[in-house]
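Engineer: First, the structure itself, so that you have it in front of you.
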Amino acid sequence: MSKEVSILVEYPSPETVIMQYTGLSEVTGMEPPVYACVGTNDGIASYRSMEQYISEIKADGTNAEIEVFDGLSHGFGLGIGTVAEGWIDRAVAFWEENSKQ
C-alpha cells in the first residue's frame, strides 16, 4: 500500500500571459498583463466572452489587449495565410513591453 505525498511547490507568477482562443473567464483582479486572440467563428471559445474577459482585466487597471479575427474558427495556429497572420509578432511585442526587466 503506497502513501500519497502532497508537496506544495511555489512557482513564480507569470509576468505576462499570451493566450489564444480560450474559454477562461474568471477575473480575480490579480491577473498579469494579458494578450489574447480569437476568431469570430470559434465554436469552442466565444470571442464575445474573451472580449468581456479582457475588458474586465482592463477595468482593474491591468494592461490587456485582444485581437478578434473575422471569420476564423478554433485552431488557426500562427495564422499564416489568414487575417490573423502576424499575431505572434504582436503578441511577442506585447510580452516585451510588459516584461519586468
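We label chains A, B, ... in the order they appear in the C-alpha cells, count residues from 1 in each chain, and number ligands from 1 in the order shown.
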Using only C-alpha atoms, which residues sit within 12 Å of A:Ser49 once same-chain residues fewer than 4 positions away are excluded, as a CSV table (one decimal) with N, CA and C atoms, in the first residue's frame?
Structural biologist:
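Written out: around-v9.csv:
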chain,number,residue,atom,x,y,z
A,21,TYR,N,-7.5,31.7,-28.2
A,21,TYR,CA,-8.8,31.0,-28.1
A,21,TYR,C,-9.1,30.2,-26.9
A,22,THR,N,-9.3,30.9,-25.8
A,22,THR,CA,-9.6,30.2,-24.6
A,22,THR,C,-11.0,30.5,-24.0
A,23,GLY,N,-11.5,29.6,-23.2
A,23,GLY,CA,-12.8,29.9,-22.6
A,23,GLY,C,-12.6,30.5,-21.2
A,24,LEU,N,-11.4,30.8,-20.8
A,24,LEU,CA,-11.1,31.4,-19.5
A,24,LEU,C,-11.9,32.6,-19.3
A,25,SER,N,-12.6,32.7,-18.2
A,25,SER,CA,-13.5,33.9,-18.0
A,25,SER,C,-13.5,34.5,-16.6
A,26,GLU,N,-12.9,33.8,-15.6
A,26,GLU,CA,-13.0,34.4,-14.3
A,26,GLU,C,-11.8,35.4,-14.1
A,27,VAL,N,-12.2,36.6,-13.6
A,27,VAL,CA,-11.2,37.6,-13.3
A,27,VAL,C,-11.1,37.8,-11.8
A,36,ALA,N,-4.6,38.5,-25.9
A,36,ALA,CA,-5.4,37.3,-26.3
A,36,ALA,C,-5.8,37.5,-27.8
A,37,CYS,N,-6.1,36.4,-28.5
A,37,CYS,CA,-6.6,36.4,-29.8
A,37,CYS,C,-7.5,35.3,-30.1
A,38,VAL,N,-8.5,35.5,-30.9
A,38,VAL,CA,-9.6,34.5,-31.2
A,38,VAL,C,-10.2,34.9,-32.5
A,39,GLY,N,-10.9,33.9,-33.1
A,39,GLY,CA,-11.6,34.1,-34.3
A,39,GLY,C,-13.1,34.2,-34.0
A,40,THR,N,-13.8,34.9,-34.9
A,40,THR,CA,-15.3,35.1,-34.7
A,40,THR,C,-16.1,33.9,-34.9
A,42,ASP,N,-15.2,30.8,-33.8
A,42,ASP,CA,-14.7,29.8,-32.9
A,42,ASP,C,-15.9,29.2,-32.2
A,43,GLY,N,-16.1,27.9,-32.4
A,43,GLY,CA,-17.2,27.2,-31.8
A,43,GLY,C,-16.9,26.7,-30.4
A,44,ILE,N,-15.7,26.9,-29.9
A,44,ILE,CA,-15.3,26.4,-28.6
A,44,ILE,C,-15.1,27.6,-27.6
A,45,ALA,N,-14.4,28.6,-28.1
A,45,ALA,CA,-14.1,29.8,-27.2
A,45,ALA,C,-14.8,31.0,-27.9
A,53,TYR,N,-13.8,39.2,-20.9
A,53,TYR,CA,-12.7,38.9,-20.0
A,53,TYR,C,-11.6,40.0,-20.1
A,54,ILE,N,-11.2,40.3,-21.3
A,54,ILE,CA,-10.2,41.4,-21.4
A,54,ILE,C,-10.7,42.7,-20.9
A,55,SER,N,-11.9,43.0,-21.2
A,55,SER,CA,-12.5,44.3,-20.7
A,55,SER,C,-12.5,44.4,-19.2
A,56,GLU,N,-12.8,43.3,-18.5
A,56,GLU,CA,-12.8,43.3,-17.0
A,56,GLU,C,-11.3,43.4,-16.5
A,66,ILE,N,-6.8,42.5,-26.9
A,66,ILE,CA,-7.4,41.3,-27.6
A,66,ILE,C,-7.4,41.6,-29.1
A,68,VAL,N,-9.4,40.2,-32.4
A,68,VAL,CA,-10.5,39.3,-32.9
A,68,VAL,C,-10.4,39.2,-34.4
Engineer: Using only C-alpha atoms, which residues sit within 10 Å of stretch 91-100 of chain A once same-chain residues fewer than 6 positions away are excluded, as a PyMOL selection string?
Structural biologist: chain A and resi 14-19+32-37+63-67
Engineer: Include N, CA, C and O atoms and write out the residues we just selected as a PDB file, in the first residue's frame.
Structural biologist:
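Contents of out23.pdb, freshly written:
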ATOM      1  N   PRO A  14       3.344  34.428 -13.504  1.00  0.00           N
ATOM      2  CA  PRO A  14       3.781  34.874 -14.822  1.00  0.00           C
ATOM      3  C   PRO A  14       3.781  36.397 -14.909  1.00  0.00           C
ATOM      4  O   PRO A  14       2.954  37.056 -14.291  1.00  0.00           O
ATOM      5  N   GLU A  15       4.722  36.938 -15.667  1.00  0.00           N
ATOM      6  CA  GLU A  15       4.775  38.388 -15.877  1.00  0.00           C
ATOM      7  C   GLU A  15       3.748  38.829 -16.894  1.00  0.00           C
ATOM      8  O   GLU A  15       3.219  39.927 -16.821  1.00  0.00           O
ATOM      9  N   THR A  16       3.519  37.995 -17.887  1.00  0.00           N
ATOM     10  CA  THR A  16       2.608  38.303 -18.983  1.00  0.00           C
ATOM     11  C   THR A  16       1.979  36.993 -19.453  1.00  0.00           C
ATOM     12  O   THR A  16       2.635  35.955 -19.430  1.00  0.00           O
ATOM     13  N   VAL A  17       0.727  37.073 -19.889  1.00  0.00           N
ATOM     14  CA  VAL A  17       0.046  35.891 -20.423  1.00  0.00           C
ATOM     15  C   VAL A  17      -0.306  36.151 -21.884  1.00  0.00           C
ATOM     16  O   VAL A  17      -0.862  37.194 -22.213  1.00  0.00           O
ATOM     17  N   ILE A  18       0.037  35.195 -22.726  1.00  0.00           N
ATOM     18  CA  ILE A  18      -0.355  35.213 -24.128  1.00  0.00           C
ATOM     19  C   ILE A  18      -1.297  34.030 -24.290  1.00  0.00           C
ATOM     20  O   ILE A  18      -0.906  32.893 -24.057  1.00  0.00           O
ATOM     21  N   MET A  19      -2.554  34.308 -24.648  1.00  0.00           N
ATOM     22  CA  MET A  19      -3.499  33.194 -24.786  1.00  0.00           C
ATOM     23  C   MET A  19      -4.261  33.293 -26.091  1.00  0.00           C
ATOM     24  O   MET A  19      -4.573  34.377 -26.570  1.00  0.00           O
ATOM     25  N   PRO A  32      -1.822  39.157 -14.518  1.00  0.00           N
ATOM     26  CA  PRO A  32      -0.730  39.924 -15.124  1.00  0.00           C
ATOM     27  C   PRO A  32      -1.246  40.511 -16.433  1.00  0.00           C
ATOM     28  O   PRO A  32      -2.376  40.226 -16.843  1.00  0.00           O
ATOM     29  N   PRO A  33      -0.456  41.308 -17.124  1.00  0.00           N
ATOM     30  CA  PRO A  33      -0.866  41.778 -18.447  1.00  0.00           C
ATOM     31  C   PRO A  33      -1.224  40.589 -19.347  1.00  0.00           C
ATOM     32  O   PRO A  33      -0.575  39.540 -19.298  1.00  0.00           O
ATOM     33  N   VAL A  34      -2.272  40.756 -20.159  1.00  0.00           N
ATOM     34  CA  VAL A  34      -2.779  39.661 -20.986  1.00  0.00           C
ATOM     35  C   VAL A  34      -2.966  40.112 -22.430  1.00  0.00           C
ATOM     36  O   VAL A  34      -3.587  41.143 -22.687  1.00  0.00           O
ATOM     37  N   TYR A  35      -2.438  39.323 -23.351  1.00  0.00           N
ATOM     38  CA  TYR A  35      -2.709  39.474 -24.779  1.00  0.00           C
ATOM     39  C   TYR A  35      -3.508  38.242 -25.179  1.00  0.00           C
ATOM     40  O   TYR A  35      -3.134  37.112 -24.860  1.00  0.00           O
ATOM     41  N   ALA A  36      -4.612  38.455 -25.891  1.00  0.00           N
ATOM     42  CA  ALA A  36      -5.441  37.333 -26.332  1.00  0.00           C
ATOM     43  C   ALA A  36      -5.799  37.502 -27.796  1.00  0.00           C
ATOM     44  O   ALA A  36      -5.860  38.621 -28.306  1.00  0.00           O
ATOM     45  N   CYS A  37      -6.061  36.377 -28.461  1.00  0.00           N
ATOM     46  CA  CYS A  37      -6.579  36.433 -29.816  1.00  0.00           C
ATOM     47  C   CYS A  37      -7.522  35.264 -30.053  1.00  0.00           C
ATOM     48  O   CYS A  37      -7.377  34.196 -29.457  1.00  0.00           O
ATOM     49  N   ASN A  63      -2.875  46.061 -17.960  1.00  0.00           N
ATOM     50  CA  ASN A  63      -2.760  46.143 -19.411  1.00  0.00           C
ATOM     51  C   ASN A  63      -3.265  44.841 -20.030  1.00  0.00           C
ATOM     52  O   ASN A  63      -2.860  43.749 -19.630  1.00  0.00           O
ATOM     53  N   ALA A  64      -4.162  44.954 -20.976  1.00  0.00           N
ATOM     54  CA  ALA A  64      -4.700  43.778 -21.666  1.00  0.00           C
ATOM     55  C   ALA A  64      -5.099  44.183 -23.074  1.00  0.00           C
ATOM     56  O   ALA A  64      -5.511  45.313 -23.312  1.00  0.00           O
ATOM     57  N   GLU A  65      -4.971  43.237 -23.978  1.00  0.00           N
ATOM     58  CA  GLU A  65      -5.243  43.507 -25.386  1.00  0.00           C
ATOM     59  C   GLU A  65      -5.843  42.251 -26.014  1.00  0.00           C
ATOM     60  O   GLU A  65      -5.464  41.138 -25.658  1.00  0.00           O
ATOM     61  N   ILE A  66      -6.786  42.451 -26.929  1.00  0.00           N
ATOM     62  CA  ILE A  66      -7.354  41.319 -27.648  1.00  0.00           C
ATOM     63  C   ILE A  66      -7.432  41.634 -29.133  1.00  0.00           C
ATOM     64  O   ILE A  66      -7.716  42.778 -29.510  1.00  0.00           O
ATOM     65  N   GLU A  67      -7.135  40.629 -29.937  1.00  0.00           N
ATOM     66  CA  GLU A  67      -7.336  40.724 -31.377  1.00  0.00           C
ATOM     67  C   GLU A  67      -8.399  39.698 -31.736  1.00  0.00           C
ATOM     68  O   GLU A  67      -8.292  38.529 -31.365  1.00  0.00           O
TER      69      GLU A  67
END
Engineer: Would you please give, as a list of chain:residue names, all residues of stretch 12-85 of chain A that DSSP assigns to strand (DSSP E) based on the backbone?
Structural biologist: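 So, restricting stretch 12-85 of chain A to strand (DSSP E), we get A:Val17, A:Ile18, A:Met19, A:Gln20, A:Val34, A:Tyr35, A:Ala36, A:Cys37, A:Val38, A:Gly39, A:Ala64, A:Glu65, A:Ile66, A:Glu67, A:Val68, A:Phe69.
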Engineer: Can I get the selected residues back with N, CA, C and O atoms, as a PDB file, in the first residue's frame?
Structural biologist:
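Full text of again_15.pdb as output:
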ATOM      1  N   VAL A  17       0.727  37.073 -19.889  1.00  0.00           N
ATOM      2  CA  VAL A  17       0.046  35.891 -20.423  1.00  0.00           C
ATOM      3  C   VAL A  17      -0.306  36.151 -21.884  1.00  0.00           C
ATOM      4  O   VAL A  17      -0.862  37.194 -22.213  1.00  0.00           O
ATOM      5  N   ILE A  18       0.037  35.195 -22.726  1.00  0.00           N
ATOM      6  CA  ILE A  18      -0.355  35.213 -24.128  1.00  0.00           C
ATOM      7  C   ILE A  18      -1.297  34.030 -24.290  1.00  0.00           C
ATOM      8  O   ILE A  18      -0.906  32.893 -24.057  1.00  0.00           O
ATOM      9  N   MET A  19      -2.554  34.308 -24.648  1.00  0.00           N
ATOM     10  CA  MET A  19      -3.499  33.194 -24.786  1.00  0.00           C
ATOM     11  C   MET A  19      -4.261  33.293 -26.091  1.00  0.00           C
ATOM     12  O   MET A  19      -4.573  34.377 -26.570  1.00  0.00           O
ATOM     13  N   GLN A  20      -4.510  32.141 -26.621  1.00  0.00           N
ATOM     14  CA  GLN A  20      -5.189  32.057 -27.906  1.00  0.00           C
ATOM     15  C   GLN A  20      -6.423  31.184 -27.728  1.00  0.00           C
ATOM     16  O   GLN A  20      -6.343  30.090 -27.183  1.00  0.00           O
ATOM     17  N   VAL A  34      -2.272  40.756 -20.159  1.00  0.00           N
ATOM     18  CA  VAL A  34      -2.779  39.661 -20.986  1.00  0.00           C
ATOM     19  C   VAL A  34      -2.966  40.112 -22.430  1.00  0.00           C
ATOM     20  O   VAL A  34      -3.587  41.143 -22.687  1.00  0.00           O
ATOM     21  N   TYR A  35      -2.438  39.323 -23.351  1.00  0.00           N
ATOM     22  CA  TYR A  35      -2.709  39.474 -24.779  1.00  0.00           C
ATOM     23  C   TYR A  35      -3.508  38.242 -25.179  1.00  0.00           C
ATOM     24  O   TYR A  35      -3.134  37.112 -24.860  1.00  0.00           O
ATOM     25  N   ALA A  36      -4.612  38.455 -25.891  1.00  0.00           N
ATOM     26  CA  ALA A  36      -5.441  37.333 -26.332  1.00  0.00           C
ATOM     27  C   ALA A  36      -5.799  37.502 -27.796  1.00  0.00           C
ATOM     28  O   ALA A  36      -5.860  38.621 -28.306  1.00  0.00           O
ATOM     29  N   CYS A  37      -6.061  36.377 -28.461  1.00  0.00           N
ATOM     30  CA  CYS A  37      -6.579  36.433 -29.816  1.00  0.00           C
ATOM     31  C   CYS A  37      -7.522  35.264 -30.053  1.00  0.00           C
ATOM     32  O   CYS A  37      -7.377  34.196 -29.457  1.00  0.00           O
ATOM     33  N   VAL A  38      -8.502  35.506 -30.918  1.00  0.00           N
ATOM     34  CA  VAL A  38      -9.554  34.517 -31.169  1.00  0.00           C
ATOM     35  C   VAL A  38     -10.233  34.852 -32.492  1.00  0.00           C
ATOM     36  O   VAL A  38     -10.197  36.000 -32.936  1.00  0.00           O
ATOM     37  N   GLY A  39     -10.859  33.874 -33.101  1.00  0.00           N
ATOM     38  CA  GLY A  39     -11.619  34.104 -34.322  1.00  0.00           C
ATOM     39  C   GLY A  39     -13.108  34.232 -34.026  1.00  0.00           C
ATOM     40  O   GLY A  39     -13.606  33.698 -33.036  1.00  0.00           O
ATOM     41  N   ALA A  64      -4.162  44.954 -20.976  1.00  0.00           N
ATOM     42  CA  ALA A  64      -4.700  43.778 -21.666  1.00  0.00           C
ATOM     43  C   ALA A  64      -5.099  44.183 -23.074  1.00  0.00           C
ATOM     44  O   ALA A  64      -5.511  45.313 -23.312  1.00  0.00           O
ATOM     45  N   GLU A  65      -4.971  43.237 -23.978  1.00  0.00           N
ATOM     46  CA  GLU A  65      -5.243  43.507 -25.386  1.00  0.00           C
ATOM     47  C   GLU A  65      -5.843  42.251 -26.014  1.00  0.00           C
ATOM     48  O   GLU A  65      -5.464  41.138 -25.658  1.00  0.00           O
ATOM     49  N   ILE A  66      -6.786  42.451 -26.929  1.00  0.00           N
ATOM     50  CA  ILE A  66      -7.354  41.319 -27.648  1.00  0.00           C
ATOM     51  C   ILE A  66      -7.432  41.634 -29.133  1.00  0.00           C
ATOM     52  O   ILE A  66      -7.716  42.778 -29.510  1.00  0.00           O
ATOM     53  N   GLU A  67      -7.135  40.629 -29.937  1.00  0.00           N
ATOM     54  CA  GLU A  67      -7.336  40.724 -31.377  1.00  0.00           C
ATOM     55  C   GLU A  67      -8.399  39.698 -31.736  1.00  0.00           C
ATOM     56  O   GLU A  67      -8.292  38.529 -31.365  1.00  0.00           O
ATOM     57  N   VAL A  68      -9.430  40.157 -32.438  1.00  0.00           N
ATOM     58  CA  VAL A  68     -10.507  39.278 -32.893  1.00  0.00           C
ATOM     59  C   VAL A  68     -10.427  39.224 -34.406  1.00  0.00           C
ATOM     60  O   VAL A  68     -10.476  40.261 -35.073  1.00  0.00           O
ATOM     61  N   PHE A  69     -10.303  38.017 -34.928  1.00  0.00           N
ATOM     62  CA  PHE A  69     -10.110  37.840 -36.362  1.00  0.00           C
ATOM     63  C   PHE A  69     -11.394  37.338 -37.023  1.00  0.00           C
ATOM     64  O   PHE A  69     -11.874  36.237 -36.729  1.00  0.00           O
TER      65      PHE A  69
END
Engineer: Just checking: using only C-alpha atoms, which residue out of A:Thr62, A:Leu8, A:Phe76, A:Glu51 ends up closest to A:Ile88?
Structural biologist: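 So, comparing all the options, the nearest one is A:Phe76.
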Engineer: Among the residues of chain A, find those DSSP assigns to alpha helix (DSSP H) from the backbone and print them as JSON, numbers by chain.
Structural biologist: {"A": [47, 48, 49, 50, 51, 52, 53, 54, 55, 56, 57, 58, 59, 87, 88, 89, 90, 91, 92, 93, 94, 95, 96, 97, 98]}
Engineer: Take the residues that were just selected and, keeping N, CA, C and O atoms, output them as an mmCIF file, in the first residue's frame.
Structural biologist:
data_model
loop_
_atom_site.group_PDB
_atom_site.id
_atom_site.type_symbol
_atom_site.label_atom_id
_atom_site.label_comp_id
_atom_site.auth_asym_id
_atom_site.auth_seq_id
_atom_site.Cartn_x
_atom_site.Cartn_y
_atom_site.Cartn_z
ATOM 1 N N TYR A 47 -15.604 34.559 -28.897
ATOM 2 C CA TYR A 47 -14.838 35.811 -28.920
ATOM 3 C C TYR A 47 -15.499 36.865 -28.043
ATOM 4 O O TYR A 47 -14.822 37.708 -27.457
ATOM 5 N N ARG A 48 -16.813 36.814 -27.918
ATOM 6 C CA ARG A 48 -17.504 37.781 -27.057
ATOM 7 C C ARG A 48 -17.139 37.576 -25.587
ATOM 8 O O ARG A 48 -16.944 38.536 -24.851
ATOM 9 N N SER A 49 -17.034 36.324 -25.181
ATOM 10 C CA SER A 49 -16.619 36.034 -23.802
ATOM 11 C C SER A 49 -15.194 36.499 -23.558
ATOM 12 O O SER A 49 -14.872 37.054 -22.509
ATOM 13 N N MET A 50 -14.333 36.278 -24.549
ATOM 14 C CA MET A 50 -12.947 36.716 -24.407
ATOM 15 C C MET A 50 -12.848 38.235 -24.382
ATOM 16 O O MET A 50 -12.057 38.798 -23.619
ATOM 17 N N GLU A 51 -13.664 38.914 -25.186
ATOM 18 C CA GLU A 51 -13.682 40.378 -25.155
ATOM 19 C C GLU A 51 -14.117 40.869 -23.776
ATOM 20 O O GLU A 51 -13.538 41.819 -23.233
ATOM 21 N N GLN A 52 -15.113 40.224 -23.196
ATOM 22 C CA GLN A 52 -15.588 40.596 -21.858
ATOM 23 C C GLN A 52 -14.489 40.376 -20.819
ATOM 24 O O GLN A 52 -14.259 41.207 -19.950
ATOM 25 N N TYR A 53 -13.823 39.246 -20.915
ATOM 26 C CA TYR A 53 -12.731 38.915 -20.001
ATOM 27 C C TYR A 53 -11.637 39.982 -20.060
ATOM 28 O O TYR A 53 -11.202 40.504 -19.023
ATOM 29 N N ILE A 54 -11.226 40.339 -21.258
ATOM 30 C CA ILE A 54 -10.185 41.359 -21.429
ATOM 31 C C ILE A 54 -10.672 42.719 -20.919
ATOM 32 O O ILE A 54 -9.933 43.459 -20.267
ATOM 33 N N SER A 55 -11.916 43.031 -21.173
ATOM 34 C CA SER A 55 -12.498 44.286 -20.702
ATOM 35 C C SER A 55 -12.458 44.382 -19.182
ATOM 36 O O SER A 55 -12.134 45.431 -18.615
ATOM 37 N N GLU A 56 -12.769 43.289 -18.512
ATOM 38 C CA GLU A 56 -12.751 43.269 -17.042
ATOM 39 C C GLU A 56 -11.332 43.406 -16.497
ATOM 40 O O GLU A 56 -11.111 44.073 -15.490
ATOM 41 N N ILE A 57 -10.381 42.793 -17.148
ATOM 42 C CA ILE A 57 -8.982 42.919 -16.719
ATOM 43 C C ILE A 57 -8.534 44.371 -16.867
ATOM 44 O O ILE A 57 -7.906 44.929 -15.961
ATOM 45 N N LYS A 58 -8.872 44.985 -17.995
ATOM 46 C CA LYS A 58 -8.507 46.386 -18.219
ATOM 47 C C LYS A 58 -9.181 47.293 -17.190
ATOM 48 O O LYS A 58 -8.573 48.265 -16.729
ATOM 49 N N ALA A 59 -10.412 46.988 -16.819
ATOM 50 C CA ALA A 59 -11.137 47.793 -15.829
ATOM 51 C C ALA A 59 -10.436 47.762 -14.476
ATOM 52 O O ALA A 59 -10.548 48.713 -13.693
ATOM 53 N N TRP A 87 -0.036 37.753 -35.845
ATOM 54 C CA TRP A 87 -0.466 37.917 -34.454
ATOM 55 C C TRP A 87 0.654 37.543 -33.496
ATOM 56 O O TRP A 87 0.812 38.183 -32.452
ATOM 57 N N ILE A 88 1.447 36.537 -33.840
ATOM 58 C CA ILE A 88 2.511 36.099 -32.938
ATOM 59 C C ILE A 88 3.549 37.199 -32.734
ATOM 60 O O ILE A 88 4.048 37.393 -31.626
ATOM 61 N N ASP A 89 3.844 37.972 -33.768
ATOM 62 C CA ASP A 89 4.794 39.082 -33.638
ATOM 63 C C ASP A 89 4.233 40.166 -32.724
ATOM 64 O O ASP A 89 4.952 40.746 -31.906
ATOM 65 N N ARG A 90 2.945 40.446 -32.861
ATOM 66 C CA ARG A 90 2.308 41.448 -31.993
ATOM 67 C C ARG A 90 2.234 40.949 -30.549
ATOM 68 O O ARG A 90 2.405 41.729 -29.615
ATOM 69 N N ALA A 91 2.014 39.652 -30.382
ATOM 70 C CA ALA A 91 1.987 39.079 -29.033
ATOM 71 C C ALA A 91 3.362 39.171 -28.372
ATOM 72 O O ALA A 91 3.478 39.520 -27.198
ATOM 73 N N VAL A 92 4.407 38.881 -29.138
ATOM 74 C CA VAL A 92 5.773 38.975 -28.601
ATOM 75 C C VAL A 92 6.092 40.426 -28.239
ATOM 76 O O VAL A 92 6.670 40.695 -27.181
ATOM 77 N N ALA A 93 5.681 41.370 -29.072
ATOM 78 C CA ALA A 93 5.898 42.793 -28.764
ATOM 79 C C ALA A 93 5.169 43.176 -27.473
ATOM 80 O O ALA A 93 5.718 43.895 -26.633
ATOM 81 N N PHE A 94 3.942 42.679 -27.295
ATOM 82 C CA PHE A 94 3.183 42.937 -26.068
ATOM 83 C C PHE A 94 3.936 42.366 -24.867
ATOM 84 O O PHE A 94 4.086 43.019 -23.840
ATOM 85 N N TRP A 95 4.422 41.131 -25.000
ATOM 86 C CA TRP A 95 5.169 40.493 -23.932
ATOM 87 C C TRP A 95 6.422 41.306 -23.580
ATOM 88 O O TRP A 95 6.705 41.548 -22.407
ATOM 89 N N GLU A 96 7.152 41.737 -24.610
ATOM 90 C CA GLU A 96 8.361 42.528 -24.366
ATOM 91 C C GLU A 96 8.038 43.850 -23.676
ATOM 92 O O GLU A 96 8.757 44.267 -22.755
ATOM 93 N N GLU A 97 6.969 44.496 -24.076
ATOM 94 C CA GLU A 97 6.567 45.770 -23.476
ATOM 95 C C GLU A 97 6.151 45.613 -22.011
ATOM 96 O O GLU A 97 6.268 46.552 -21.220
ATOM 97 N N ASN A 98 5.656 44.443 -21.660
ATOM 98 C CA ASN A 98 5.118 44.234 -20.311
ATOM 99 C C ASN A 98 6.005 43.398 -19.402
ATOM 100 O O ASN A 98 5.636 43.138 -18.264
#
Engineer: Quote the spacing between atom CA of A:Met30 and atom CA of A:Ser6 in Å to one decimal place.
Structural biologist: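 It comes out at 25.7 Å.
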Engineer: For the atom pair atom CA of A:Val9 and atom CA of A:Gly29, what is the interatomic distance in Å to one decimal place?
Structural biologist: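 Those two atoms sit 22.7 Å apart.
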Engineer: For each of A:Ser46, A:Pro12, A:Glu4, A:Gly71, take the minimum atom-to-atom distance to A:Ala84, counting only C-alpha atoms, then give the residue where this is smallest.
Structural biologist: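 Once distances to A:Ala84 are computed over only C-alpha atoms, the minimum belongs to A:Gly71.
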Engineer: Tell me, in Å to one decimal, how far atom CA of A:Gly75 is from atom CA of A:Ser13.
Structural biologist: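 These atoms are spaced 26.6 Å apart.
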Engineer: Leaving out A:Asn41 and any residue of its chain fewer than 6 positions from it, which residues lie within 8 Å of it when counting only C-alpha atoms, given as a compact mmCIF listing (two decimals) with N, CA, C and O atoms, in the first residue's frame?
Structural biologist:
# COMPACT_ATOMS: atom_id res chain seq x y z
N ASP A 70 -11.91 38.16 -37.91
CA ASP A 70 -13.17 37.88 -38.59
C ASP A 70 -13.09 36.60 -39.41
O ASP A 70 -12.18 36.42 -40.22
N GLY A 71 -14.04 35.71 -39.15
CA GLY A 71 -14.19 34.50 -39.95
C GLY A 71 -13.36 33.31 -39.54
O GLY A 71 -13.57 32.22 -40.05
N LEU A 72 -12.42 33.48 -38.62
CA LEU A 72 -11.56 32.35 -38.25
C LEU A 72 -12.23 31.48 -37.18
O LEU A 72 -12.92 31.97 -36.29
N SER A 73 -11.97 30.18 -37.29
CA SER A 73 -12.50 29.24 -36.31
C SER A 73 -11.41 28.86 -35.31
O SER A 73 -10.31 29.40 -35.36
N HIS A 74 -11.72 27.94 -34.45
CA HIS A 74 -10.80 27.47 -33.42
C HIS A 74 -9.60 26.77 -34.08
O HIS A 74 -9.77 25.98 -34.99
